[in-house]
$ cat model-v6.pdb   # PDB, C-alpha atoms
ATOM      1  CA  MET A   1       0.000   0.000   0.000
ATOM      2  CA  SER A   2       2.786   2.379   0.885
ATOM      3  CA  ALA A   3       4.455   1.621  -2.453
ATOM      4  CA  LEU A   4       1.225   2.487  -4.284
ATOM      5  CA  GLN A   5       0.991   5.737  -2.371
ATOM      6  CA  ALA A   6       4.611   6.626  -3.115
ATOM      7  CA  SER A   7       4.242   6.332  -6.872
ATOM      8  CA  PRO A   8       2.007   9.384  -7.385
ATOM      9  CA  ALA A   9       4.234  11.425  -5.096
ATOM     10  CA  SER A  10       7.356  10.497  -7.026
ATOM     11  CA  ALA A  11       5.581  11.159 -10.306
ATOM     12  CA  SER A  12       4.427  14.574  -9.144
ATOM     13  CA  SER A  13       7.929  15.471  -7.935
ATOM     14  CA  LYS A  14       9.374  14.825 -11.385
ATOM     15  CA  PRO A  15      10.140  18.200 -12.989
ATOM     16  CA  ARG A  16       7.774  19.164 -15.816
ATOM     17  CA  ARG A  17       9.381  19.506 -19.223
ATOM     18  CA  ARG A  18       9.234  23.116 -20.402
ATOM     19  CA  THR A  19       7.464  23.890 -23.661
ATOM     20  CA  LEU A  20       9.204  25.551 -26.586
ATOM     21  CA  ALA A  21       7.240  28.753 -25.926
ATOM     22  CA  GLU A  22       8.413  28.780 -22.303
ATOM     23  CA  ASP A  23      12.017  28.242 -23.391
ATOM     24  CA  ALA A  24      11.724  31.072 -25.908
ATOM     25  CA  ALA A  25      10.457  33.426 -23.182
ATOM     26  CA  ASN A  26      13.284  32.879 -20.689
ATOM     27  CA  LEU A  27      15.823  35.683 -20.246
ATOM     28  CA  PRO A  28      18.911  33.987 -21.771
ATOM     29  CA  ASN A  29      17.037  33.021 -24.944
ATOM     30  CA  LEU A  30      15.492  36.493 -25.189
ATOM     31  CA  LEU A  31      19.024  37.933 -25.095
ATOM     32  CA  THR A  32      20.111  35.500 -27.806
ATOM     33  CA  MET A  33      17.134  36.379 -30.016
ATOM     34  CA  GLY A  34      17.835  40.053 -29.373
ATOM     35  CA  ARG A  35      21.335  39.455 -30.722
ATOM     36  CA  ILE A  36      19.852  38.043 -33.929
ATOM     37  CA  ALA A  37      17.325  40.892 -34.177
ATOM     38  CA  ALA A  38      20.162  43.439 -33.873
ATOM     39  CA  ILE A  39      21.868  42.187 -37.066
ATOM     40  CA  PRO A  40      19.732  44.229 -39.555
ATOM     41  CA  PHE A  41      20.249  47.396 -37.476
ATOM     42  CA  PHE A  42      23.994  46.714 -37.308
ATOM     43  CA  LEU A  43      24.182  46.267 -41.099
ATOM     44  CA  TRP A  44      22.071  49.393 -41.661
ATOM     45  CA  LEU A  45      24.603  51.401 -39.654
ATOM     46  CA  LEU A  46      27.436  49.950 -41.745
ATOM     47  CA  ASP A  47      25.618  50.588 -45.032
ATOM     48  CA  THR A  48      26.597  54.279 -45.150
ATOM     49  CA  PRO A  49      30.057  54.410 -43.557
ATOM     50  CA  THR A  50      30.740  57.545 -41.534
ATOM     51  CA  PRO A  51      32.744  57.841 -38.306
ATOM     52  CA  ILE A  52      29.564  58.383 -36.259
ATOM     53  CA  ARG A  53      27.663  55.457 -37.783
ATOM     54  CA  ALA A  54      30.777  53.285 -37.484
ATOM     55  CA  PHE A  55      30.950  54.147 -33.783
ATOM     56  CA  TRP A  56      27.332  53.126 -33.196
ATOM     57  CA  ALA A  57      27.750  49.970 -35.281
ATOM     58  CA  CYS A  58      30.705  49.125 -33.055
ATOM     59  CA  ILE A  59      28.534  49.664 -29.951
ATOM     60  CA  VAL A  60      25.855  47.304 -31.333
ATOM     61  CA  PHE A  61      28.410  44.621 -32.211
ATOM     62  CA  THR A  62      30.153  44.921 -28.829
ATOM     63  CA  ALA A  63      26.799  44.682 -27.007
ATOM     64  CA  ALA A  64      26.041  41.523 -29.004
ATOM     65  CA  ALA A  65      29.401  40.045 -28.010
ATOM     66  CA  ILE A  66      28.685  40.814 -24.330
ATOM     67  CA  THR A  67      25.252  39.160 -24.475
ATOM     68  CA  ASP A  68      26.948  36.110 -26.006
ATOM     69  CA  VAL A  69      28.835  35.649 -22.741
ATOM     70  CA  LEU A  70      25.938  36.763 -20.559
ATOM     71  CA  ASP A  71      23.194  34.499 -21.926
ATOM     72  CA  GLY A  72      25.189  31.310 -21.357
ATOM     73  CA  TYR A  73      26.062  32.392 -17.812
ATOM     74  CA  LEU A  74      22.440  33.266 -17.017
ATOM     75  CA  ALA A  75      21.130  30.002 -18.482
ATOM     76  CA  ARG A  76      23.397  28.013 -16.158
ATOM     77  CA  LYS A  77      22.807  30.308 -13.169
ATOM     78  CA  LEU A  78      19.009  30.262 -13.491
ATOM     79  CA  GLY A  79      18.875  26.572 -14.396
ATOM     80  CA  VAL A  80      17.121  27.201 -17.715
ATOM     81  CA  VAL A  81      19.562  25.557 -20.131
ATOM     82  CA  SER A  82      17.390  24.415 -23.044
ATOM     83  CA  VAL A  83      17.611  22.685 -26.405
ATOM     84  CA  LEU A  84      16.382  25.913 -28.026
ATOM     85  CA  GLY A  85      19.184  27.864 -26.370
ATOM     86  CA  LYS A  86      21.792  25.310 -27.431
ATOM     87  CA  PHE A  87      20.589  25.766 -31.011
ATOM     88  CA  LEU A  88      20.144  29.545 -31.038
ATOM     89  CA  ASP A  89      23.304  30.599 -29.180
ATOM     90  CA  PRO A  90      25.942  29.319 -31.660
ATOM     91  CA  LEU A  91      23.644  30.250 -34.558
ATOM     92  CA  ALA A  92      23.429  33.870 -33.364
ATOM     93  CA  ASP A  93      27.214  34.052 -32.988
ATOM     94  CA  LYS A  94      27.852  32.783 -36.510
ATOM     95  CA  LEU A  95      25.140  34.957 -38.068
ATOM     96  CA  ILE A  96      26.405  38.263 -36.695
ATOM     97  CA  VAL A  97      30.094  37.469 -37.314
ATOM     98  CA  MET A  98      29.522  36.231 -40.858
ATOM     99  CA  ALA A  99      27.100  39.088 -41.645
ATOM    100  CA  ALA A 100      29.701  41.619 -40.489
ATOM    101  CA  LEU A 101      32.531  40.026 -42.485
ATOM    102  CA  VAL A 102      30.454  39.678 -45.672
ATOM    103  CA  TRP A 103      29.288  43.294 -45.372
ATOM    104  CA  LEU A 104      32.862  44.514 -44.896
ATOM    105  CA  VAL A 105      34.079  42.922 -48.167
ATOM    106  CA  PRO A 106      32.490  45.447 -50.611
ATOM    107  CA  MET A 107      33.652  48.217 -48.269
ATOM    108  CA  GLY A 108      37.211  47.101 -49.049
ATOM    109  CA  ARG A 109      38.069  46.431 -45.426
ATOM    110  CA  ILE A 110      38.647  42.664 -45.602
ATOM    111  CA  PRO A 111      39.852  40.510 -48.529
ATOM    112  CA  PRO A 112      37.139  38.224 -49.970
ATOM    113  CA  TRP A 113      39.359  35.104 -49.751
ATOM    114  CA  VAL A 114      39.587  35.472 -45.962
ATOM    115  CA  VAL A 115      35.793  35.534 -45.625
ATOM    116  CA  VAL A 116      35.381  32.571 -48.006
ATOM    117  CA  LEU A 117      37.842  30.474 -45.983
ATOM    118  CA  LEU A 118      36.196  31.430 -42.686
ATOM    119  CA  LEU A 119      32.744  30.567 -44.066
ATOM    120  CA  ALA A 120      34.012  27.246 -45.416
ATOM    121  CA  ARG A 121      35.518  26.397 -42.026
ATOM    122  CA  GLU A 122      32.353  27.288 -40.116
ATOM    123  CA  ILE A 123      30.105  25.252 -42.437
ATOM    124  CA  SER A 124      32.472  22.262 -42.290
ATOM    125  CA  VAL A 125      32.779  22.287 -38.496
ATOM    126  CA  THR A 126      29.026  22.762 -38.035
ATOM    127  CA  GLY A 127      28.404  19.745 -40.283
ATOM    128  CA  LEU A 128      30.993  17.688 -38.415
ATOM    129  CA  ARG A 129      29.462  18.534 -35.036
ATOM    130  CA  SER A 130      25.998  17.634 -36.347
ATOM    131  CA  VAL A 131      27.240  14.228 -37.489
ATOM    132  CA  ALA A 132      29.030  13.789 -34.147
ATOM    133  CA  ALA A 133      25.833  14.632 -32.248
ATOM    134  CA  SER A 134      23.913  12.058 -34.286
ATOM    135  CA  GLU A 135      26.522   9.498 -33.190
ATOM    136  CA  GLY A 136      26.152  10.530 -29.558
ATOM    137  CA  VAL A 137      29.525  12.299 -29.533
ATOM    138  CA  VAL A 138      29.791  15.785 -27.993
ATOM    139  CA  ILE A 139      32.739  17.880 -29.215
ATOM    140  CA  SER A 140      33.485  20.850 -26.979
ATOM    141  CA  ALA A 141      35.333  23.931 -28.185
ATOM    142  CA  GLY A 142      39.053  23.841 -27.422
ATOM    143  CA  GLN A 143      41.422  26.677 -26.630
ATOM    144  CA  GLU A 144      42.121  27.254 -30.340
ATOM    145  CA  GLY A 145      38.417  27.830 -30.981
ATOM    146  CA  LYS A 146      38.128  30.274 -28.092
ATOM    147  CA  THR A 147      41.212  32.181 -29.267
ATOM    148  CA  LYS A 148      39.767  32.274 -32.787
ATOM    149  CA  THR A 149      36.524  33.775 -31.510
ATOM    150  CA  ALA A 150      38.307  36.436 -29.425
ATOM    151  CA  LEU A 151      40.543  37.483 -32.336
ATOM    152  CA  GLN A 152      37.572  37.637 -34.702
ATOM    153  CA  MET A 153      35.504  39.770 -32.344
ATOM    154  CA  ILE A 154      38.298  42.284 -31.682
ATOM    155  CA  GLY A 155      39.295  42.289 -35.363
ATOM    156  CA  ILE A 156      35.733  42.984 -36.507
ATOM    157  CA  VAL A 157      35.406  45.844 -34.007
ATOM    158  CA  ALA A 158      38.578  47.395 -35.477
ATOM    159  CA  LEU A 159      37.316  46.879 -39.045
ATOM    160  CA  VAL A 160      33.919  48.362 -38.212
ATOM    161  CA  LEU A 161      35.517  51.497 -36.723
ATOM    162  CA  GLY A 162      37.568  51.478 -39.909
ATOM    163  CA  TYR A 163      39.297  54.853 -39.786
ATOM    164  CA  PRO A 164      42.758  56.059 -38.770
ATOM    165  CA  TYR A 165      42.738  57.332 -35.173
ATOM    166  CA  HIS A 166      45.307  59.165 -33.126
ATOM    167  CA  LEU A 167      45.789  56.886 -30.117
ATOM    168  CA  GLY A 168      47.629  57.043 -26.834
ATOM    169  CA  TYR A 169      48.127  54.587 -23.984
ATOM    170  CA  LEU A 170      49.247  55.379 -20.424
ATOM    171  CA  GLY A 171      50.553  58.732 -21.577
ATOM    172  CA  ILE A 172      52.449  57.204 -24.508
ATOM    173  CA  ASP A 173      51.630  58.732 -27.889
ATOM    174  CA  LEU A 174      51.051  55.851 -30.309
ATOM    175  CA  GLY A 175      50.531  58.179 -33.243
ATOM    176  CA  VAL A 176      47.956  57.588 -35.954
ATOM    177  CA  VAL A 177      46.821  53.957 -36.062
ATOM    178  CA  ASP A 178      44.947  52.598 -39.085
ATOM    179  CA  LEU A 179      42.337  50.313 -37.505
ATOM    180  CA  VAL A 180      41.553  48.646 -40.833
ATOM    181  CA  ARG A 181      45.079  47.231 -40.972
ATOM    182  CA  VAL A 182      44.863  46.168 -37.323
ATOM    183  CA  GLY A 183      41.508  44.479 -37.928
ATOM    184  CA  ARG A 184      42.740  42.653 -41.027
ATOM    185  CA  LEU A 185      45.746  41.316 -39.150
ATOM    186  CA  LEU A 186      43.596  40.037 -36.277
ATOM    187  CA  VAL A 187      41.049  38.372 -38.590
ATOM    188  CA  VAL A 188      43.816  36.678 -40.610
ATOM    189  CA  LEU A 189      45.331  35.438 -37.340
ATOM    190  CA  SER A 190      41.896  34.128 -36.339
ATOM    191  CA  LEU A 191      41.866  32.209 -39.635
ATOM    192  CA  LEU A 192      44.997  30.313 -38.573
ATOM    193  CA  PHE A 193      43.410  29.397 -35.230
ATOM    194  CA  SER A 194      40.188  28.489 -37.084
ATOM    195  CA  PHE A 195      41.904  25.770 -39.086
ATOM    196  CA  ALA A 196      43.888  24.611 -36.044
ATOM    197  CA  SER A 197      40.632  24.176 -34.096
ATOM    198  CA  ALA A 198      38.993  22.462 -37.104
ATOM    199  CA  ALA A 199      41.848  19.947 -37.192
ATOM    200  CA  GLN A 200      41.340  19.376 -33.463
ATOM    201  CA  TYR A 201      37.606  18.740 -34.019
ATOM    202  CA  VAL A 202      38.441  16.144 -36.697
ATOM    203  CA  ARG A 203      40.906  14.387 -34.366
ATOM    204  CA  LEU A 204      38.436  14.331 -31.469
ATOM    205  CA  PHE A 205      35.612  13.111 -33.703
ATOM    206  CA  THR A 206      37.765  10.343 -35.205
ATOM    207  CA  ALA A 207      38.988   9.214 -31.785
ATOM    208  CA  ALA A 208      35.465   9.232 -30.305
ATOM    209  CA  VAL A 209      33.957   7.272 -33.202
ATOM    210  CA  GLU A 210      36.788   4.703 -33.111
ATOM    211  CA  ALA A 211      36.352   4.306 -29.350
ATOM    212  CA  LYS A 212      32.584   3.835 -29.790
ATOM    213  CA  GLU A 213      33.096   1.217 -32.510
ATOM    214  CA  ALA A 214      35.700  -0.625 -30.412
ATOM    215  CA  LYS A 215      33.289  -0.695 -27.465
ATOM    216  CA  ALA A 216      30.516  -2.023 -29.708
ATOM    217  CA  ARG A 217      32.781  -4.795 -31.029
ATOM    218  CA  SER A 218      33.867  -5.670 -27.505
ATOM    219  CA  SER A 219      30.229  -5.900 -26.351
ATOM    220  CA  ALA A 220      29.343  -8.069 -29.345
ATOM    221  CA  THR A 221      32.124 -10.567 -28.679
ATOM    222  CA  SER A 222      31.584 -10.780 -24.918
TER     223      SER A 222
END
$ encode --input "model-v6.pdb" --output "structure tokens"
Amino acid sequence: MSALQASPASASSKPRRRTLAEDAANLPNLLTMGRIAAIPFFLWLLDTPTPIRAFWACIVFTAAAITDVLDGYLARKLGVVSVLGKFLDPLADKLIVMAALVWLVPMGRIPPWVVVLLLAREISVTGLRSVAASEGVVISAGQEGKTKTALQMIGIVALVLGYPYHLGYLGIDLGVVDLVRVGRLLVVLSLLFSFASAAQYVRLFTAAVEAKEAKARSSATS
């Protein structure tokens, strides 16, 4: 009798699965969707390049980069990590970065071949991670991937500002610095880390699949 009485209690204590609408309405996912919604405004500011519009475009892009860090932290802190968030967060990052780089090509601020290689890398790695997920293999970003992202973000900010500025640091006159050249250098460096991290993903995926197949063979023979 006590066992029969315990079953409803245990069933009622099981946490209810949130609906997609509820996941979409939580704060971290709202921040992520806000990041996606900001892309057209960011591109509109870049469309007619002036120092003032470039400054505000930089503010929008920087705010998006901050929310990228903030939404993941809030999702873990509030205990609202969701499948929707796991899908939207990396998508939002790639959309705003790729939109910025593609938009900067006709402005003459970044060579087209750099953007093509970065796009090819992102598509390839996204496909690889999708295949890995279907095999039950989770591939986490390594240090190379994190360095790539940091260099890209800072490089894009420099490219968006896109004008020579007279800079100083701690009382030291650095003279006139062409931020387009600085941004190009950082994005090209990020390209090197991009392919290093892609190679790491391939190694991890290969090792995980081989380990899974070896385990399956071992279970079959035992």
$ residues_around --input "model-v6.pdb" --residues "Leu27 (chain A)" --least-positions-apart "4" --cutoff "8 Å" --atoms "all atoms listed in the file" --output "list of chain:residue names"
A:Leu31, A:Asp71, A:Leu74, A:Ala75
$ residues_around --input "model-v6.pdb" --residues "Ala65 (chain A)" --least-positions-apart "5" --cutoff "12 Å" --atoms "all atoms listed in the file" --output "PDB file with C-alpha atoms, in the coordinates of the input"
ATOM      1  CA  LEU A  31      19.024  37.933 -25.095  1.00  0.00           C
ATOM      2  CA  THR A  32      20.111  35.500 -27.806  1.00  0.00           C
ATOM      3  CA  GLY A  34      17.835  40.053 -29.373  1.00  0.00           C
ATOM      4  CA  ARG A  35      21.335  39.455 -30.722  1.00  0.00           C
ATOM      5  CA  ILE A  36      19.852  38.043 -33.929  1.00  0.00           C
ATOM      6  CA  ALA A  38      20.162  43.439 -33.873  1.00  0.00           C
ATOM      7  CA  ILE A  39      21.868  42.187 -37.066  1.00  0.00           C
ATOM      8  CA  CYS A  58      30.705  49.125 -33.055  1.00  0.00           C
ATOM      9  CA  ILE A  59      28.534  49.664 -29.951  1.00  0.00           C
ATOM     10  CA  VAL A  60      25.855  47.304 -31.333  1.00  0.00           C
ATOM     11  CA  LEU A  70      25.938  36.763 -20.559  1.00  0.00           C
ATOM     12  CA  ASP A  71      23.194  34.499 -21.926  1.00  0.00           C
ATOM     13  CA  GLY A  72      25.189  31.310 -21.357  1.00  0.00           C
ATOM     14  CA  ASP A  89      23.304  30.599 -29.180  1.00  0.00           C
ATOM     15  CA  PRO A  90      25.942  29.319 -31.660  1.00  0.00           C
ATOM     16  CA  ALA A  92      23.429  33.870 -33.364  1.00  0.00           C
ATOM     17  CA  ASP A  93      27.214  34.052 -32.988  1.00  0.00           C
ATOM     18  CA  LYS A  94      27.852  32.783 -36.510  1.00  0.00           C
ATOM     19  CA  ILE A  96      26.405  38.263 -36.695  1.00  0.00           C
ATOM     20  CA  VAL A  97      30.094  37.469 -37.314  1.00  0.00           C
ATOM     21  CA  THR A 149      36.524  33.775 -31.510  1.00  0.00           C
ATOM     22  CA  ALA A 150      38.307  36.436 -29.425  1.00  0.00           C
ATOM     23  CA  GLN A 152      37.572  37.637 -34.702  1.00  0.00           C
ATOM     24  CA  MET A 153      35.504  39.770 -32.344  1.00  0.00           C
ATOM     25  CA  ILE A 154      38.298  42.284 -31.682  1.00  0.00           C
ATOM     26  CA  ILE A 156      35.733  42.984 -36.507  1.00  0.00           C
ATOM     27  CA  VAL A 157      35.406  45.844 -34.007  1.00  0.00           C
TER      28      VAL A 157
END
$ atom_distance --input "model-v6.pdb" --atom1 "CA of Leu128 (chain A)" --atom2 "CA of Leu101 (chain A)"
22.8 Å
$ closest_residue --input "model-v6.pdb" --among "A:Leu104, A:Phe205, A:Ser219, A:Leu151" --to "Val180 (chain A)" --atoms "only C-alpha atoms"
A:Leu104
$ resolve_selection --input "model-v6.pdb" --expression "the PyMOL selection byres ((chain A and resi 160) around 9)" --output "list in words"
Leu46, Pro49, Ala54, Phe55, Ala57, Cys58, Phe61, Ala100, Leu104, Arg109, Gly155, Ile156, Val157, Ala158, Leu159, Leu161, Gly162, Tyr163, Leu179, Val180 and Gly183 of chain A
$ write_last_selection --input "model-v6.pdb" --atoms "C-alpha atoms" --output "short mmCIF file (atom, residue, chain, number, x, y, z; two decimals), keeping the file's coordinate frame"
data_model
loop_
_atom_site.label_atom_id
_atom_site.label_comp_id
_atom_site.auth_asym_id
_atom_site.auth_seq_id
_atom_site.Cartn_x
_atom_site.Cartn_y
_atom_site.Cartn_z
CA LEU A 46 27.44 49.95 -41.74
CA PRO A 49 30.06 54.41 -43.56
CA ALA A 54 30.78 53.28 -37.48
CA PHE A 55 30.95 54.15 -33.78
CA ALA A 57 27.75 49.97 -35.28
CA CYS A 58 30.70 49.12 -33.06
CA PHE A 61 28.41 44.62 -32.21
CA ALA A 100 29.70 41.62 -40.49
CA LEU A 104 32.86 44.51 -44.90
CA ARG A 109 38.07 46.43 -45.43
CA GLY A 155 39.30 42.29 -35.36
CA ILE A 156 35.73 42.98 -36.51
CA VAL A 157 35.41 45.84 -34.01
CA ALA A 158 38.58 47.40 -35.48
CA LEU A 159 37.32 46.88 -39.04
CA LEU A 161 35.52 51.50 -36.72
CA GLY A 162 37.57 51.48 -39.91
CA TYR A 163 39.30 54.85 -39.79
CA LEU A 179 42.34 50.31 -37.51
CA VAL A 180 41.55 48.65 -40.83
CA GLY A 183 41.51 44.48 -37.93
#
$ closest_residue --input "model-v6.pdb" --among "A:Val102, A:Arg121, A:Lys77, A:Phe42" --to "Ala63 (chain A)" --atoms "only C-alpha atoms"
A:Phe42
$ resolve_selection --input "model-v6.pdb" --expression "the PyMOL selection byres ((chain A and resi 115) around 12)" --output "PyMOL selection string"
chain A and resi 97-106+109-114+116-122+152+156+184+187-188+190-191+194
$ atom_distance --input "model-v6.pdb" --atom1 "CA of Asp68 (chain A)" --atom2 "CA of Val125 (chain A)"
19.5 Å
$ atom_distance --input "model-v6.pdb" --atom1 "CA of Thr126 (chain A)" --atom2 "CA of Phe87 (chain A)"
11.4 Å
$ closest_residue --input "model-v6.pdb" --among "A:Thr147, A:Thr221, A:Ser124, A:Asn26" --to "Tyr201 (chain A)" --atoms "all atoms listed in the file"
A:Ser124
$ closest_residue --input "model-v6.pdb" --among "A:Ala132, A:Ala64, A:Leu43, A:Ile52" --to "Ala208 (chain A)" --atoms "all atoms listed in the file"
A:Ala132
